Structures are given as C-alpha cells and as structure tokens.
Amino acid sequence: MAGIIGLLVFTLISQTASGEKNETNGAPSVEKPLHITADNMVARQNDSMVEFIGNVNATQEDMRLVAESLKLFLHDSQPDTENTADTRRIQKIVATDNVEYTAGDRHAVADQAVYTAEDDILVLTGREVKLLTGTSWVSGTKITLFRKQDRVLVESDGKTRVQALFNPEDRPADQ
C-alpha cells in the first residue's frame with residue numbers, strides 16, 4: 001500500500017511505456033513531481049486502483065486536472081522498492097464529473113476524461129466537450145487528443161454537430 005501511495009505522490013501520467021520524456025504540448029514529464037489534493041482517497045491494492053474523491057486537483061508543472069473523482073489503474077507488477085516511482089505502472093486514468101484539463105495554452109472541459117498511458121491518448125467525453133486555445137475553440141461530444149502526434153479528433157453523437165471557432169488573433173506571432 002505504501003508503494004502505491006508513494007507512486008502517486010511522484011507521478012500521474014507516464015508519456016510512454018518506455019519512460020521517455022515528452023516536453024511538447026505542456027505534457028507532463030515522467031520525472032516531475034505531482035501534487036494531488038482531494039477530500040478522500042481509497043486505495044484498492046487487490047484491484048490495482050487508487051481513487052481520489054471530492055474536489056480533486058492534480059498538478060504537474062503546467063498541467064492541471066480538476067474533477068470530482070480521479071481513478072488511477074495500475075499494472076499489477078510491483079516496483080523494485082517501495083520508494084521507486086516507476087511511472088510505467090500507470091495503465092489508465094479516469095476522471096469524472098466536472099472535468100477540467102489544462103496543459104500549456106490548451107484548456108478542456110468534459111464530463112469524463114480517460115487517459116491511457118501506453119498510447120498517450122486522452123479521450124474527453126460528455127454532452128458538450130470543449131477544447132479551447134486562446135479564444136479559439138472546438139466542441140463535440142467526444143474529443144480525442146493524440147498527444148504523441150499533436151493531433152486532435154472531434155466527434156459528434158449524430159444529434160448535435162461538431163462546432164469550431166478559429167480566431168486569427170490566436171495564431172503565434174512567428175507564423
């Protein structure tokens with residue numbers, strides 16, 4: 001149990017299964033400290049899952065994740081020692097209820113966010129999911145951030161269409 005809690009204190013999201021760093025898109029680095037606050041925490045070692053409940057706020061460098069619930073699913077393998085922050089143990093992260101994700105200049109709101117560490121993909125879902133960069137935005141019912149490729153896929157549920165507003169003032173000065 002102490003090993004799981006120690007792991008959570010040091011890392012939230014691994015960038016790749018091999019532990020490489022990704023310094024793009026405000027993406028968290030595997031070697032940076034993580035700070036999580038919540039009203040409660042429940043660790044289920046038999047399920048390899050830790051849940052933070054109530055006013056969850058997770059920060060790592062310029063990445064911030066806010067939600068009512070945050071579940072971390074871990075691979076069953078144990079780190080070498082209790083104090084080892086082996087980020088490859090994180091398999092999946094599920095944040096639910098009033099999810100807000102900020103990394104760099106990107107800000108997203110959703111009902112649920114699911115991050116899979118192996119492929120470094122963040123899937124945001126809900127009635128109206130919105131991804132903002134400056135004053136530009138896109139919305140749909142599902143937004144997938146392929147973080148390794150710096151690519152975004154926005155989908156609708158067939159009832160409401162994907163919407164976007166691209167403000168030319170949000171372009172970087174060097175373009």
# chains A, B, ... in the order shown; residues from 1 in each chain; ligands from 1

call {"tool": "closest_atom_pairs", "arguments": {"of": "region 94-164 of chain A", "to": "region 49-52 of chain A", "cutoff": "12 Å", "atoms": "only C-alpha atoms", "output": "CSV"}}
result
residue,atom,partner,partner_atom,distance
A:Val94,CA,A:Glu51,CA,9.3
A:Ala95,CA,A:Phe52,CA,9.4
A:Thr96,CA,A:Phe52,CA,10.7

call {"tool": "write_last_selection", "arguments": {"atoms": "C-alpha atoms", "output": "compact mmCIF listing (two decimals), in the first residue's frame"}}
result
# COMPACT_ATOMS: atom_id res chain seq x y z
CA VAL A 94 -10.26 8.02 -15.41
CA ALA A 95 -11.52 11.42 -14.23
CA THR A 96 -15.26 12.02 -13.91

call {"tool": "closest_residue", "arguments": {"among": "A:Leu70, A:Val129, A:Leu165, A:Met63", "to": "Asp39 (chain A)", "atoms": "only C-alpha atoms"}}
result
A:Leu70

call {"tool": "residues_around", "arguments": {"residues": "Leu145 (chain A)", "least_positions_apart": "3", "cutoff": "9 Å", "atoms": "only C-alpha atoms", "output": "MDAnalysis selection string"}}
result
chainID A and resid 120:124 148:154

call {"tool": "write_last_selection", "arguments": {"atoms": "C-alpha atoms", "output": "tab-separated table (two decimals), in the first residue's frame"}}
result
chain	number	residue	atom	x	y	z
A	120	ASP	CA	-0.53	8.56	-24.64
A	121	ILE	CA	-4.12	9.29	-25.67
A	122	LEU	CA	-6.60	11.42	-23.72
A	123	VAL	CA	-10.30	10.93	-24.58
A	124	LEU	CA	-12.74	13.58	-23.34
A	148	LYS	CA	2.33	11.87	-29.30
A	149	GLN	CA	1.22	13.10	-32.73
A	150	ASP	CA	-0.08	16.50	-31.52
A	151	ARG	CA	-3.36	15.63	-33.27
A	152	VAL	CA	-7.00	16.16	-32.22
A	153	LEU	CA	-10.13	14.33	-33.38
A	154	VAL	CA	-13.53	15.91	-32.59

call {"tool": "atom_distance", "arguments": {"atom1": "CA of Ile93 (chain A)", "atom2": "CA of Asn55 (chain A)"}}
result
16.3 Å

call {"tool": "closest_residue", "arguments": {"among": "A:Asn98, A:Gly126, A:Arg161, A:Val114", "to": "Val56 (chain A)", "atoms": "only C-alpha atoms"}}
result
A:Asn98

call {"tool": "atom_distance", "arguments": {"atom1": "CA of Arg147 (chain A)", "atom2": "CA of Ala43 (chain A)"}}
result
28.2 Å

call {"tool": "residues_around", "arguments": {"residues": "Gln91 (chain A)", "least_positions_apart": "5", "cutoff": "6 Å", "atoms": "only C-alpha atoms", "output": "list in words"}}
result
Phe73, Leu74, His75 and Ala117 of chain A

call {"tool": "write_last_selection", "arguments": {"atoms": "C-alpha atoms", "output": "compact mmCIF listing (two decimals), in the first residue's frame"}}
result
# COMPACT_ATOMS: atom_id res chain seq x y z
CA PHE A 73 -5.45 1.96 -12.62
CA LEU A 74 -2.02 0.39 -12.21
CA HIS A 75 -0.32 -2.60 -13.82
CA ALA A 117 -0.52 5.66 -20.75
